[in-house]
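So this block is coords_25.txt, compact mmCIF, C-alpha atoms:
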```txt
# COMPACT_ATOMS: atom_id res chain seq x y z
CA MET A 1415 95.61 88.91 145.80
CA LYS A 1416 96.65 92.43 144.88
CA SER A 1417 94.50 94.24 142.36
CA ILE A 1418 95.68 93.89 138.81
CA GLU A 1419 96.55 97.08 136.99
CA THR A 1420 93.78 98.22 134.67
CA THR A 1421 94.36 98.81 131.00
CA ALA A 1422 94.39 102.23 129.41
CA SER A 1423 90.65 101.98 128.92
CA GLY A 1424 90.01 100.00 132.06
CA ALA A 1425 86.86 100.14 134.07
CA SER A 1426 88.53 101.91 136.97
CA GLY A 1427 88.89 105.10 134.93
CA LEU A 1428 92.30 105.64 136.48
CA PRO A 1429 95.39 105.89 134.27
CA PRO A 1430 97.58 102.80 134.38
CA ARG A 1431 100.37 102.89 136.89
CA GLY A 1432 102.81 102.54 134.04
CA ALA A 1433 101.79 105.89 132.51
CA ARG A 1434 103.80 108.62 134.16
CA ALA A 1435 102.25 112.02 134.77
CA GLY A 1436 102.69 114.49 131.93
CA GLN A 1437 102.81 111.88 129.17
CA ILE A 1438 100.60 111.77 126.12
CA GLU A 1439 100.53 108.21 124.86
CA PHE A 1440 100.71 107.97 121.11
CA THR A 1441 99.92 104.89 119.18
CA ALA A 1442 103.17 104.17 117.44
CA CYS A 1443 106.41 105.84 118.39
CA GLY A 1444 109.87 104.73 119.35
CA PRO A 1445 111.07 103.05 122.49
CA ARG A 1446 109.22 105.39 124.81
CA GLY A 1447 105.86 105.02 123.12
CA THR A 1448 104.89 108.43 124.40
CA LEU A 1449 105.20 112.10 123.62
CA THR A 1450 106.33 113.54 126.92
CA ARG A 1451 105.44 116.99 128.14
CA GLU A 1452 109.16 117.69 128.11
CA GLY A 1453 109.37 116.65 124.46
CA LEU A 1454 106.40 118.84 123.60
CA GLN A 1455 108.00 121.81 125.35
CA THR A 1456 111.24 121.24 123.46
CA SER A 1457 109.30 121.09 120.20
CA LEU A 1458 107.69 124.43 120.96
CA PHE A 1459 111.11 125.93 121.72
CA VAL A 1460 112.31 124.59 118.36
CA TYR A 1461 109.36 126.29 116.69
CA GLY A 1462 110.18 129.55 118.44
CA GLY A 1463 113.83 129.29 117.43
CA ALA A 1464 112.91 128.58 113.81
CA ILE A 1465 110.57 131.60 113.78
CA ALA A 1466 113.41 133.72 115.16
CA VAL A 1467 115.75 132.50 112.41
CA ARG A 1468 113.14 133.26 109.78
CA LEU A 1469 112.45 136.77 111.10
CA LEU A 1470 116.12 137.70 111.52
CA VAL A 1471 117.06 136.46 108.07
CA LYS A 1472 114.08 138.15 106.48
CA VAL A 1473 114.90 141.48 108.14
CA TRP A 1474 118.53 141.11 107.07
CA ALA A 1475 117.49 140.39 103.49
CA ARG A 1476 115.18 143.40 103.37
CA LEU A 1477 117.89 145.69 104.76
CA GLN A 1478 120.27 144.70 101.95
CA ALA A 1479 118.42 147.08 99.62
CA ARG A 1480 118.59 150.03 102.03
CA PRO A 1481 121.79 152.13 101.92
CA ASP A 1482 120.90 154.15 105.02
CA VAL A 1483 121.26 151.19 107.40
CA ALA A 1484 124.28 151.07 109.71
CA PRO A 1485 126.99 148.69 108.40
CA THR A 1486 126.99 146.64 111.62
CA THR A 1487 123.24 145.93 111.52
CA GLY A 1488 123.43 143.27 108.82
CA PRO A 1489 126.19 141.20 110.47
CA LEU A 1490 124.47 141.52 113.85
CA LEU A 1491 121.21 140.22 112.41
CA LEU A 1492 123.01 137.35 110.73
CA ALA A 1493 124.88 136.53 113.93
CA GLY A 1494 121.56 136.46 115.76
CA ALA A 1495 120.12 134.14 113.13
CA VAL A 1496 123.14 131.84 113.40
CA LEU A 1497 122.79 131.78 117.20
CA ALA A 1498 119.09 130.97 116.95
CA ALA A 1499 119.85 128.25 114.41
CA GLY A 1500 122.52 126.84 116.71
CA PHE A 1501 120.02 126.79 119.58
CA VAL A 1502 117.51 124.93 117.39
CA ALA A 1503 120.21 122.44 116.35
CA PHE A 1504 121.11 121.88 120.02
CA LEU A 1505 117.46 121.17 120.86
CA PHE A 1506 117.21 118.66 118.02
CA TRP A 1507 120.40 116.98 119.22
CA GLN A 1508 118.87 116.71 122.70
CA LEU A 1509 115.70 115.11 121.32
CA PHE A 1510 117.66 112.53 119.32
CA ARG A 1511 119.97 111.82 122.26
CA ARG A 1512 116.91 111.11 124.45
CA LYS A 1513 115.47 109.00 121.60
CA ASP A 1514 112.38 111.20 121.76
CA TYR A 1515 111.70 110.59 118.08
CA TRP A 1516 108.03 111.57 118.12
CA ALA A 1517 108.98 114.95 119.59
CA ALA A 1518 111.83 115.31 117.07
CA PHE A 1519 109.44 114.55 114.20
CA PHE A 1520 106.88 116.99 115.58
CA ALA A 1521 109.57 119.64 116.08
CA GLY A 1522 110.90 119.11 112.55
CA ALA A 1523 107.41 119.47 111.12
CA LEU A 1524 106.82 122.65 113.14
CA ALA A 1525 110.18 124.11 112.07
CA PHE A 1526 109.43 123.26 108.43
CA ALA A 1527 106.01 124.90 108.73
CA SER A 1528 107.63 128.02 110.16
CA PHE A 1529 109.50 128.40 106.86
CA PHE A 1530 106.35 128.13 104.80
CA ARG A 1531 106.45 130.72 102.04
CA PHE A 1532 109.91 131.77 103.17
CA ASP A 1533 110.67 134.58 100.74
CA ALA A 1534 114.04 135.82 101.98
CA ALA A 1535 115.97 134.13 99.14
CA PRO A 1536 114.67 136.45 96.38
CA LEU A 1537 115.46 139.42 98.61
CA ALA A 1538 119.01 138.12 98.98
CA ALA A 1539 119.48 137.67 95.23
CA GLY A 1540 123.04 138.34 94.18
CA THR A 1541 124.44 137.74 97.67
CA PRO A 1542 126.35 134.57 98.64
CA LEU A 1543 123.46 133.61 100.91
CA GLU A 1544 120.88 133.33 98.14
CA LYS A 1545 121.30 129.59 97.50
CA PRO A 1546 121.69 128.60 101.18
CA LEU A 1547 118.50 130.48 101.95
CA ILE A 1548 116.66 128.60 99.22
CA LEU A 1549 117.77 125.32 100.79
CA LEU A 1550 117.18 126.40 104.40
CA PRO A 1551 113.61 125.03 104.72
CA LEU A 1552 114.88 121.62 103.63
CA LEU A 1553 116.92 121.26 106.83
CA PRO A 1554 113.98 120.84 109.24
CA ALA A 1555 112.22 118.67 106.67
CA GLY A 1556 115.28 116.41 106.55
CA ILE A 1557 115.38 116.25 110.34
CA ALA A 1558 111.69 115.32 110.47
CA ILE A 1559 112.31 112.54 107.94
CA ALA A 1560 115.32 111.27 109.91
CA ALA A 1561 113.24 111.30 113.10
CA PHE A 1562 110.43 109.42 111.39
CA LEU A 1563 112.78 106.73 110.09
CA ALA A 1564 114.44 106.43 113.52
CA MET A 1565 110.99 106.09 115.04
CA VAL A 1566 110.04 103.29 112.65
CA ARG A 1567 113.36 101.47 113.21
CA SER A 1568 113.06 101.65 116.99
CA ALA A 1569 109.37 100.76 117.15
CA ASP A 1570 108.49 97.35 118.54
CA GLU A 1571 106.64 94.71 116.51
CA LEU A 1572 103.12 95.89 117.31
CA GLN A 1573 104.01 99.55 116.77
CA GLN A 1574 105.54 98.72 113.40
CA ARG A 1575 102.43 96.81 112.39
CA ILE A 1576 100.26 99.80 113.35
CA LEU A 1577 102.58 102.18 111.46
CA TYR A 1578 102.58 100.11 108.27
CA GLN A 1579 98.82 99.60 108.35
CA ALA A 1580 98.36 103.35 108.78
CA LEU A 1581 100.79 104.15 105.95
CA ALA A 1582 99.02 101.69 103.67
CA PHE A 1583 95.70 103.37 104.46
CA GLY A 1584 97.20 106.81 103.85
CA PHE A 1585 98.73 105.67 100.56
CA VAL A 1586 95.42 104.28 99.29
CA VAL A 1587 93.42 107.35 100.33
CA THR A 1588 95.93 109.73 98.73
CA PHE A 1589 96.13 107.61 95.57
CA VAL A 1590 92.35 107.62 95.17
CA ALA A 1591 92.09 111.32 95.98
CA THR A 1592 94.80 112.09 93.41
CA LEU A 1593 92.92 110.18 90.70
CA VAL A 1594 89.59 111.79 91.59
CA PHE A 1595 90.98 115.31 91.53
CA ALA A 1596 92.84 114.65 88.29
CA VAL A 1597 89.52 113.71 86.68
CA LEU A 1598 87.80 116.73 88.21
CA GLU A 1599 90.51 119.04 86.87
CA ASP A 1600 89.91 117.64 83.39
CA LEU A 1601 86.22 118.46 83.88
CA GLY A 1602 87.05 122.08 84.60
CA PHE A 1603 87.49 122.14 88.36
CA PRO A 1604 90.23 124.46 89.67
CA HIS A 1605 93.76 123.14 89.93
CA VAL A 1606 94.78 121.84 93.37
CA SER A 1607 98.26 122.69 94.61
CA ALA A 1608 100.64 119.76 95.18
CA VAL A 1609 100.93 120.77 98.85
CA TRP A 1610 97.42 119.39 99.39
CA TRP A 1611 98.54 115.91 98.36
CA TRP A 1612 101.02 115.86 101.24
CA ILE A 1613 98.39 117.24 103.58
CA THR A 1614 96.00 114.49 102.43
CA LEU A 1615 98.69 111.87 103.02
CA VAL A 1616 99.52 113.17 106.50
CA VAL A 1617 95.88 113.51 107.56
CA SER A 1618 94.88 110.09 106.20
CA TRP A 1619 97.96 108.59 107.84
CA GLY A 1620 96.88 110.12 111.15
CA VAL A 1621 93.38 108.71 110.73
CA GLY A 1622 94.88 105.33 109.87
CA LEU A 1623 97.09 105.47 112.97
CA ALA A 1624 94.14 106.16 115.23
CA ALA A 1625 91.99 103.45 113.65
CA SER A 1626 94.76 100.87 113.59
CA ALA A 1627 95.80 101.51 117.19
CA ARG A 1628 92.19 101.29 118.34
CA ARG A 1629 92.03 97.69 117.11
CA TYR A 1630 94.66 96.66 119.64
CA ARG A 1631 93.25 98.44 122.68
CA MET B 833 94.90 84.06 121.89
CA LYS B 834 94.21 83.65 125.58
CA ASN B 835 97.13 83.99 127.93
CA SER B 836 97.95 84.26 131.58
CA LEU B 837 100.26 87.22 131.19
CA ARG B 838 98.28 89.51 133.46
CA VAL B 839 98.19 86.96 136.24
CA LEU B 840 101.90 86.26 135.96
CA ARG B 841 102.63 89.97 136.01
CA ALA B 842 100.43 90.53 139.05
CA GLU B 843 102.17 87.72 140.92
CA ARG B 844 105.37 89.70 140.64
CA ASP B 845 103.66 93.02 141.34
CA TRP B 846 104.88 94.50 138.08
CA SER B 847 103.10 97.29 136.27
CA GLN B 848 102.54 97.04 132.53
CA ALA B 849 105.35 99.54 132.09
CA ASP B 850 107.66 97.37 134.21
CA LEU B 851 106.90 94.32 132.11
CA ALA B 852 107.26 96.34 128.91
CA GLU B 853 110.67 97.52 129.99
CA ARG B 854 111.80 93.98 130.81
CA LEU B 855 110.60 92.69 127.44
CA GLY B 856 111.93 95.67 125.47
CA VAL B 857 108.53 96.57 124.04
CA SER B 858 106.06 99.40 124.60
CA ARG B 859 103.39 99.44 127.29
CA GLN B 860 100.83 99.48 124.48
CA THR B 861 102.14 96.12 123.27
CA VAL B 862 101.93 94.60 126.74
CA ASN B 863 98.36 95.84 127.05
CA ALA B 864 97.43 94.39 123.65
CA LEU B 865 99.03 91.05 124.60
CA GLU B 866 97.16 90.86 127.90
CA THR B 867 93.79 91.66 126.32
CA GLY B 868 94.39 89.06 123.62
CA LYS B 869 94.17 91.68 120.86
CA TYR B 870 97.69 90.89 119.65
CA ASP B 871 99.63 87.65 119.44
CA PRO B 872 103.39 87.94 119.95
CA SER B 873 105.99 86.93 117.42
CA LEU B 874 107.97 83.80 118.16
CA PRO B 875 111.03 85.66 119.50
CA LEU B 876 108.83 87.73 121.79
CA ALA B 877 106.94 84.64 122.95
CA PHE B 878 110.24 82.98 123.85
CA LYS B 879 111.34 86.12 125.66
CA ILE B 880 108.13 86.14 127.69
CA ALA B 881 108.46 82.47 128.53
CA HIS B 882 112.07 82.93 129.59
CA LEU B 883 111.18 85.94 131.73
CA PHE B 884 108.50 84.05 133.65
CA ASP B 885 110.44 80.77 133.60
CA ARG B 886 107.55 78.93 131.96
CA LEU B 887 106.92 77.12 128.71
CA ILE B 888 105.22 79.07 125.94
CA GLU B 889 102.34 76.59 126.01
CA ASP B 890 101.86 77.26 129.72
CA ILE B 891 101.39 80.97 129.10
CA PHE B 892 99.55 81.09 125.78
CA ASP B 893 96.44 79.07 124.93
CA PRO B 894 95.61 78.88 121.22
CA GLU B 895 91.92 78.18 122.02
CA GLU B 896 91.71 75.79 119.06
CA PRO B 897 90.37 72.33 119.89
CA GLU B 898 92.57 70.67 117.22
CA VAL B 899 95.74 72.15 118.67
CA ALA B 900 94.64 71.43 122.24
CA ARG B 901 93.89 67.78 121.37
CA ARG B 902 97.34 67.35 119.79
CA ARG B 903 99.10 68.79 122.83
CA PRO B 904 101.19 66.06 124.59
CA ALA B 905 100.02 65.06 128.07
```
Take the structure I supplied and represent it as structure tokens, if you would.
Amino acid sequence: MKSIETTASGASGLPPRGARAGQIEFTACGPRGTLTREGLQTSLFVYGGAIAVRLLVKVWARLQARPDVAPTTGPLLLAGAVLAAGFVAFLFWQLFRRKDYWAAFFAGALAFASFFRFDAAPLAAGTPLEKPLILLPLLPAGIAIAAFLAMVRSADELQQRILYQALAFGFVVTFVATLVFAVLEDLGFPHVSAVWWWITLVVSWGVGLAASARRYR
Amino acid sequence: MKNSLRVLRAERDWSQADLAERLGVSRQTVNALETGKYDPSLPLAFKIAHLFDRLIEDIFDPEEPEVARRRPA
């Protein structure tokens, strides 16, 4: 009788034959169930493209206040930003087409992080681009949300159970933390920015994912 | 719940990924099924039975004496 394939934590210590080289197996993600090396590379390219957009737009915004700059510099910088944004959009389209939702979510989160404290909008005050620049960081956030929902919809029954258990854990931890810190603030502790609530939710969700997935190994 | 999924898979020389692809689930789910850490839903149980051309009762064993006693001969 041929040897039976070992499980992911099997005694042989060898990776299962089903796991292809270059794959990082995550606990709960779409039809692939893995974050491929290719998906990770694409995510990093997305991050680089988002950084390029941020830098080009920021330089353009700063140059608006300088009269000594050549008139073609501004449009060139904006054209570069639009090209970089188009490249990022193409990469996202590729990830969704491949149904690589974990990579798309990761890329969206990275792109959103790259716009953290994006201050080009105030510099562009009075220009037609002021409002679009304010809304720009919402684009990668929206893509990350869409990727997450697509991941949940395409997950199989066990993956969905793991996801929901992890979300429930994250919700409870964040709820308790919110109450505790609200009481501490009333007692004179320093105010905690709302960003930390999302960080708490994401981190506790990650812990819940790991713990929940471990139960089924 | 005990099952003979691993044996049936080995008889056909399928990897866990092969079986996962045929069932439309992740390799993680197949692994959890084989180790008994996860019991399939009814639709998935029927899919498994159909794939291996067996009855559900022939693949999955509830391990409960009451249920086993009530099983028809």
Interface list for chain B, partner chain A, 10 Å threshold, all atoms listed in the file, as a PyMOL selection string: chain B and resi 838-839+841-843+845-853+856-873+876
Minimum-distance residue to A:Val1621, chosen among A:Leu1477, A:Ala1564, A:Ile1559, A:Leu1577 (using all atoms listed in the file):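 Among the listed residues, the smallest separation from A:Val1621 belongs to A:Leu1577.
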Just the residues within 12 Å of A:Ala1493, please, counting all atoms listed in the file, with nothing from its chain fewer than 3 positions along; format it as a tab-separated table (two decimals) with C-alpha atoms, keeping the file's coordinate frame.
```tsv
chain	number	residue	atom	x	y	z
A	1466	ALA	CA	113.41	133.72	115.16
A	1467	VAL	CA	115.75	132.50	112.41
A	1470	LEU	CA	116.12	137.70	111.52
A	1471	VAL	CA	117.06	136.46	108.07
A	1474	TRP	CA	118.53	141.11	107.07
A	1486	THR	CA	126.99	146.64	111.62
A	1487	THR	CA	123.24	145.93	111.52
A	1488	GLY	CA	123.43	143.27	108.82
A	1489	PRO	CA	126.19	141.20	110.47
A	1490	LEU	CA	124.47	141.52	113.85
A	1496	VAL	CA	123.14	131.84	113.40
A	1497	LEU	CA	122.79	131.78	117.20
A	1498	ALA	CA	119.09	130.97	116.95
A	1499	ALA	CA	119.85	128.25	114.41
A	1500	GLY	CA	122.52	126.84	116.71
```
Residues within 10 Å of A:Arg1468, only C-alpha atoms, excluding chain neighbours under 6 positions, as a VMD selection string: chain A and resid 1462 1474 1495 1498 to 1499 1525 1528 to 1530 1532 to 1534 1547 1550 to 1551
Between atom CA of A:Phe1504 and atom CA of A:Ala1538, distance in Å (one decimal):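 Atom CA of A:Ala1538 lies at a distance of 26.7 Å from atom CA of A:Phe1504.
Remark: residues at most 8 Å from position (100.8, 84.4, 132.4) in file coordinates are Asn835, Ser836, Leu837, Arg838, Val839, Leu840, Arg841, Phe884, Asp890, Ile891 and Phe892 of chain B, using only C-alpha atoms.
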Quick one: residues within 12 Å of A:Ala1539, all atoms listed in the file counted, chain neighbours fewer than 3 positions away excluded, as an mmCIF file with C-alpha atoms, in the frame of the given file?
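The resulting file, result-v9.cif, is shown below:
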```
data_model
loop_
_atom_site.group_PDB
_atom_site.id
_atom_site.type_symbol
_atom_site.label_atom_id
_atom_site.label_comp_id
_atom_site.auth_asym_id
_atom_site.auth_seq_id
_atom_site.Cartn_x
_atom_site.Cartn_y
_atom_site.Cartn_z
ATOM 1 C CA ALA A 1475 117.490 140.390 103.490
ATOM 2 C CA ARG A 1476 115.180 143.400 103.370
ATOM 3 C CA GLN A 1478 120.270 144.700 101.950
ATOM 4 C CA ALA A 1479 118.420 147.080 99.620
ATOM 5 C CA ASP A 1533 110.670 134.580 100.740
ATOM 6 C CA ALA A 1534 114.040 135.820 101.980
ATOM 7 C CA ALA A 1535 115.970 134.130 99.140
ATOM 8 C CA PRO A 1536 114.670 136.450 96.380
ATOM 9 C CA PRO A 1542 126.350 134.570 98.640
ATOM 10 C CA LEU A 1543 123.460 133.610 100.910
ATOM 11 C CA GLU A 1544 120.880 133.330 98.140
ATOM 12 C CA LYS A 1545 121.300 129.590 97.500
ATOM 13 C CA PRO A 1546 121.690 128.600 101.180
ATOM 14 C CA LEU A 1547 118.500 130.480 101.950
ATOM 15 C CA ILE A 1548 116.660 128.600 99.220
#
```
